[in-house]
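Working notes, structure below.
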Amino acid sequence: MSENKRKEQLKQLIISLCSVSSVSGFEKRASEKVKELCSEGFDEFYSDSVGNCTLVKRCGRENAPRVLVDAHLDEVGMIVSGICDGGFLRVTNMGGIDVSILQAADVMIYGNEILRGVIGSTPPHLKKSDDLPKPNELLVDVGLPKEKLEELVPLGTPVGFAPVYTELLGEKLCGKAFDDKACGACAVFAVANTPRENLAADVYVTLSAMEETNRLGGVSASTFAIDPDYAMTIDVGFARTPGTKDLETSKMGEGISITASASTHRVLTELCEKLCDKHEIPYTVLASPMGTGTNATSVNLVGLGIPVVDVGLPLASMHTYVEVISLTDALTLCDLVSRFICDKDIAAKMTQREEIEL
């Protein structure tokens, strides 16, 4: 497959998966659509009571090692907390959304019917101060009377950003929910397109629940059920923009990141770096001493402990409806995932279940 064709197919999968509503805590609603979009090229798909979706591709050998590749399915959003006169819904945030970007946002309300709305914004002429509203003071303008909204929108209904996507110059893509479904799309694309005979292990791809609202994450349940020999967690990382620190960010368009942390496996991380060096996969090493802020921290402590490496895709404007990624970086991530799940040396070292010095 040509590079341009791979890039186009990956772009379409990213947009399709990220367009699916999966506000944190409501991932189960997305499982059938995820199955429809992602199952091709896999042997099995299942979801669990937590909302995790798991895809399995077996290598065809008995007693093969198990490798987990995880990206979280949930996205930041809002939840309806009240219904007001005049066609307004009161909402509050689900996950870490910056209130400063919410006023005038275009949103979807996923009640008994899917409704379009906008988050109201007070005109500057009428503002008494420059203070931003608190999350629980936000109002969504739907345009329906209160009685109709009470019929269509039960309290607790999820609200997400409208799925609008734009291509920018420099092979960049802009839109909502790239955190972290863009990484999930890359994992699915990579594994689905890797020949079975090349696999070093049975591969489990989890699109996991509740990363944005629960630091333990739904990934703990799915990882316990799979009991992998080793794992790679993939999440978006901070792209370098003016005013950010080099040690915490990576340059967009120059590959992926690998994080060194107390909550990741030292040997597996170094083996992953060597894998990148061997195959000329561009990467940046980031240091996050206390924890990665990703599912790696949870995966690491499941069962008897799972060796895990944490990989990042640079992203700008995180937790907004105009998140930006590089399609070049996304293809790089696909290449790393494919190499990782096929590396027999890594599989052999990780199945020994003990600390192996390089």
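Every chain in the structure tokens takes a letter, A first, then B, and so on in the order presented; its residues are numbered from 1, and the ligands are numbered from 1 following the presented order.
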
- Message: What's around Ala64 of chain A at 8 Å? Count only C-alpha atoms, leave out sequence neighbours fewer than 5 positions away in its own chain, and write the answer as a PyMOL selection string.
- Response: chain A and resi 59+200-202

Writer output for current selection, all heavy atoms, as a PDB file, in the first residue's frame:
```pdb
ATOM      1  N   CYS A  59      -1.951 -14.812  16.907  1.00  0.00           N
ATOM      2  CA  CYS A  59      -0.817 -15.127  16.038  1.00  0.00           C
ATOM      3  C   CYS A  59      -0.905 -16.533  15.468  1.00  0.00           C
ATOM      4  O   CYS A  59      -0.181 -16.868  14.520  1.00  0.00           O
ATOM      5  CB  CYS A  59       0.498 -14.937  16.789  1.00  0.00           C
ATOM      6  SG  CYS A  59       0.734 -16.085  18.169  1.00  0.00           S
ATOM      7  N   ALA A 200       4.433 -11.522  17.083  1.00  0.00           N
ATOM      8  CA  ALA A 200       5.227 -12.215  18.098  1.00  0.00           C
ATOM      9  C   ALA A 200       4.370 -12.710  19.241  1.00  0.00           C
ATOM     10  O   ALA A 200       4.857 -13.424  20.124  1.00  0.00           O
ATOM     11  CB  ALA A 200       6.309 -11.275  18.636  1.00  0.00           C
ATOM     12  N   ALA A 201       3.091 -12.342  19.247  1.00  0.00           N
ATOM     13  CA  ALA A 201       2.203 -12.676  20.361  1.00  0.00           C
ATOM     14  C   ALA A 201       0.762 -12.533  19.900  1.00  0.00           C
ATOM     15  O   ALA A 201       0.492 -11.973  18.830  1.00  0.00           O
ATOM     16  CB  ALA A 201       2.467 -11.741  21.540  1.00  0.00           C
ATOM     17  N   ASP A 202      -0.163 -13.028  20.707  1.00  0.00           N
ATOM     18  CA  ASP A 202      -1.571 -12.693  20.516  1.00  0.00           C
ATOM     19  C   ASP A 202      -1.751 -11.238  20.945  1.00  0.00           C
ATOM     20  O   ASP A 202      -1.285 -10.840  22.033  1.00  0.00           O
ATOM     21  CB  ASP A 202      -2.469 -13.599  21.353  1.00  0.00           C
ATOM     22  CG  ASP A 202      -2.501 -15.033  20.849  1.00  0.00           C
ATOM     23  OD1 ASP A 202      -2.161 -15.257  19.662  1.00  0.00           O
ATOM     24  OD2 ASP A 202      -2.864 -15.926  21.637  1.00  0.00           O
TER      25      ASP A 202
END
```

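Every protein or nucleic acid residue with an atom no more than 8 Å from Leu216 of chain A, counting only C-alpha atoms and leaving out same-chain residues fewer than 3 positions away, appears here: Glu211, Val219, Ser220, Asn295 and Ser298 of chain A.
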
- Have a look at atom CA of Met108 of chain A and atom CA of Glu8 of chain A and let me know their distance in Å, one decimal. 26.9 Å

Neighbour list for Ile14 of chain A as a JSON list (two decimals) with N, CA, C and O atoms, in the first residue's frame, cut-off 9 Å, only C-alpha atoms, skip fewer than 3 positions in-chain:
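After the write, around_18.json holds the following:
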```
[["chain", "number", "residue", "atom", "x", "y", "z"],
["A", 9, "GLN", "N", -6.40, 6.37, 4.35],
["A", 9, "GLN", "CA", -7.21, 5.40, 5.08],
["A", 9, "GLN", "C", -7.15, 5.64, 6.58],
["A", 9, "GLN", "O", -8.17, 5.55, 7.28],
["A", 10, "LEU", "N", -5.96, 5.95, 7.07],
["A", 10, "LEU", "CA", -5.81, 6.23, 8.50],
["A", 10, "LEU", "C", -6.59, 7.49, 8.88],
["A", 10, "LEU", "O", -7.27, 7.52, 9.90],
["A", 11, "LYS", "N", -6.50, 8.52, 8.05],
["A", 11, "LYS", "CA", -7.23, 9.77, 8.32],
["A", 11, "LYS", "C", -8.73, 9.50, 8.43],
["A", 11, "LYS", "O", -9.39, 10.00, 9.34],
["A", 17, "LEU", "N", -13.81, 7.33, 13.92],
["A", 17, "LEU", "CA", -13.82, 6.90, 15.32],
["A", 17, "LEU", "C", -13.99, 8.09, 16.26],
["A", 17, "LEU", "O", -14.73, 8.01, 17.24],
["A", 18, "CYS", "N", -13.32, 9.19, 15.97],
["A", 18, "CYS", "CA", -13.41, 10.36, 16.84],
["A", 18, "CYS", "C", -14.79, 11.02, 16.77],
["A", 18, "CYS", "O", -15.18, 11.74, 17.69],
["A", 19, "SER", "N", -15.52, 10.79, 15.68],
["A", 19, "SER", "CA", -16.87, 11.34, 15.54],
["A", 19, "SER", "C", -17.88, 10.62, 16.40],
["A", 19, "SER", "O", -18.96, 11.15, 16.69],
["A", 178, "PHE", "N", -9.61, 13.85, 19.54],
["A", 178, "PHE", "CA", -8.37, 13.14, 19.20],
["A", 178, "PHE", "C", -7.74, 12.55, 20.45],
["A", 178, "PHE", "O", -6.98, 11.59, 20.37],
["A", 181, "LYS", "N", -9.00, 9.03, 20.98],
["A", 181, "LYS", "CA", -9.46, 8.10, 19.95],
["A", 181, "LYS", "C", -8.59, 8.13, 18.71],
["A", 181, "LYS", "O", -8.58, 7.17, 17.94],
["A", 182, "ALA", "N", -7.83, 9.21, 18.49],
["A", 182, "ALA", "CA", -6.89, 9.21, 17.37],
["A", 182, "ALA", "C", -5.83, 8.13, 17.59],
["A", 182, "ALA", "O", -5.45, 7.41, 16.65],
["A", 183, "CYS", "N", -5.37, 8.00, 18.84],
["A", 183, "CYS", "CA", -4.40, 6.94, 19.16],
["A", 183, "CYS", "C", -5.04, 5.57, 19.04],
["A", 183, "CYS", "O", -4.41, 4.60, 18.58],
["A", 184, "GLY", "N", -6.30, 5.45, 19.46],
["A", 184, "GLY", "CA", -7.01, 4.20, 19.29],
["A", 184, "GLY", "C", -7.13, 3.80, 17.83],
["A", 184, "GLY", "O", -6.94, 2.62, 17.48],
["A", 185, "ALA", "N", -7.42, 4.77, 16.96],
["A", 185, "ALA", "CA", -7.50, 4.50, 15.53],
["A", 185, "ALA", "C", -6.16, 4.03, 14.99],
["A", 185, "ALA", "O", -6.09, 3.11, 14.16],
["A", 186, "CYS", "N", -5.06, 4.65, 15.46],
["A", 186, "CYS", "CA", -3.73, 4.24, 15.02],
["A", 186, "CYS", "C", -3.42, 2.80, 15.45],
["A", 186, "CYS", "O", -2.86, 2.02, 14.67]]
```

- Backbone DSSP call of helix (DSSP H, G or I) for segment 105-342 of chain A, listed as an MDAnalysis selection string: chainID A and resid 124:126 135:137 146:152 178:192 196:198 219:226 246:248 266:278 296:300 327:342

- Pick out the residues sitting within 12 Å of Ala221 of chain A, and hand them over as a list in words; count only C-alpha atoms, and ignore anything fewer than 5 positions along from it in its own chain. Ser47, Asp48, Ser49, Val50, Gly51, Asn52, Cys53, Thr54, Thr206, Ser208, Ala209, Met210, Leu216, Ile226, Asp227, Asn295, Ser298, Val299, Leu301, Val302 and Gly303 of chain A

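If you measure from each of A:Val99, A:Met290, A:Ile83, A:Leu73 to Arg29 of chain A using only C-alpha atoms, the closest one turns out to be A:Leu73.
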
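Taking atom CA of Val159 of chain A and atom CA of Leu132 of chain A as the two end points, the separation is 20.0 Å.
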
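Reported to one decimal place, the separation of atom CA of Val69 of chain A from atom CA of Ser22 of chain A is 19.3 Å.
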
- Message: Which residues are close to segment 316-330 of chain A, i.e. within 7 Å by only C-alpha atoms, leaving aside same-chain residues fewer than 5 positions away? Reply as a count of residues only.
- Response: 20

- Item | Contact residues around Gly293 of chain A with only C-alpha atoms at 10 Å, ignoring same-chain residues under 4 positions, as a ChimeraX atom specification | /A:211-212,215,235,237,263,288,297-298

Just all heavy atoms for this one: save the residues we selected as a CSV table (one decimal), in the first residue's frame.
```csv
chain,number,residue,atom,x,y,z
A,211,GLU,N,-10.9,7.1,31.4
A,211,GLU,CA,-9.6,7.6,31.7
A,211,GLU,C,-9.7,9.1,32.1
A,211,GLU,O,-8.9,9.5,33.0
A,211,GLU,CB,-8.7,7.5,30.5
A,211,GLU,CG,-7.2,7.7,30.8
A,211,GLU,CD,-6.8,9.2,30.6
A,211,GLU,OE1,-7.6,10.0,30.1
A,211,GLU,OE2,-5.7,9.5,31.0
A,212,GLU,N,-10.6,9.8,31.5
A,212,GLU,CA,-10.7,11.2,31.8
A,212,GLU,C,-11.4,11.6,33.1
A,212,GLU,O,-11.2,12.7,33.6
A,212,GLU,CB,-11.5,11.9,30.6
A,212,GLU,CG,-10.9,11.8,29.3
A,212,GLU,CD,-9.6,12.6,29.1
A,212,GLU,OE1,-9.2,13.3,30.0
A,212,GLU,OE2,-9.1,12.5,28.0
A,215,ARG,N,-8.9,8.2,37.7
A,215,ARG,CA,-7.5,7.9,37.5
A,215,ARG,C,-7.2,6.5,37.5
A,215,ARG,O,-6.2,6.0,36.9
A,215,ARG,CB,-6.7,8.6,38.6
A,215,ARG,CG,-6.6,10.1,38.4
A,215,ARG,CD,-5.5,10.6,37.4
A,215,ARG,NE,-5.0,9.7,36.5
A,215,ARG,CZ,-5.2,9.8,35.1
A,215,ARG,NH1,-6.1,10.7,34.7
A,215,ARG,NH2,-4.6,9.0,34.3
A,235,ASP,N,-1.3,7.4,24.5
A,235,ASP,CA,-2.2,8.5,24.7
A,235,ASP,C,-1.5,9.8,24.0
A,235,ASP,O,-0.4,9.8,23.7
A,235,ASP,CB,-2.3,8.8,26.2
A,235,ASP,CG,-3.6,9.5,26.6
A,235,ASP,OD1,-4.2,10.1,25.7
A,235,ASP,OD2,-4.0,9.3,27.8
A,237,GLY,N,0.1,13.4,23.8
A,237,GLY,CA,0.9,14.2,24.7
A,237,GLY,C,0.9,15.6,24.3
A,237,GLY,O,0.3,16.0,23.3
A,263,SER,N,6.3,4.8,36.9
A,263,SER,CA,5.2,3.9,36.7
A,263,SER,C,5.3,3.1,35.4
A,263,SER,O,4.3,2.4,35.1
A,263,SER,CB,3.9,4.7,36.8
A,263,SER,OG,3.8,5.6,35.8
A,288,SER,N,8.8,11.9,33.2
A,288,SER,CA,7.6,12.2,34.0
A,288,SER,C,7.8,11.4,35.3
A,288,SER,O,7.2,10.3,35.4
A,288,SER,CB,6.3,11.8,33.3
A,288,SER,OG,5.2,12.2,34.1
A,297,THR,N,-0.1,4.1,34.4
A,297,THR,CA,0.0,4.0,35.8
A,297,THR,C,-0.9,2.9,36.3
A,297,THR,O,-0.6,2.1,37.3
A,297,THR,CB,-0.4,5.3,36.4
A,297,THR,OG1,0.5,6.3,35.9
A,297,THR,CG2,-0.2,5.3,38.0
A,298,SER,N,-2.1,2.7,35.7
A,298,SER,CA,-3.0,1.7,36.1
A,298,SER,C,-2.6,0.3,35.6
A,298,SER,O,-2.7,-0.7,36.4
A,298,SER,CB,-4.4,2.0,35.6
A,298,SER,OG,-4.9,3.2,36.1
```

- Residue contacts of Leu102 of chain A (12 Å, only C-alpha atoms) excluding same-chain residues fewer than 2 positions away, as a PyMOL selection string: chain A and resi 76-78+91-93+96-100+104-107+118-121+132-140+160-161+319-322

- Task: Step one, run DSSP on the backbone; step two, keep only residues of segment 139-200 of chain A assigned to strand (DSSP E); then write them as a ChimeraX atom specification.
- Result: /A:139-141,158-161,166-168,172-175

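Minimum atom-to-atom distances from A:Phe88, A:Phe42, A:Phe224, A:Phe340 to Val188 of chain A were compared using only C-alpha atoms, and the lowest value belongs to A:Phe42.
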
- Counting only C-alpha atoms, which of A:Thr166, A:Thr233, A:Thr294, A:Asn198 gets nearest to Thr213 of chain A? A:Thr294

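Nearest to Leu149 of chain A of all the residues A:His265, A:Arg66, A:Lys28, A:Arg90 is A:Arg90, based on only C-alpha atoms.
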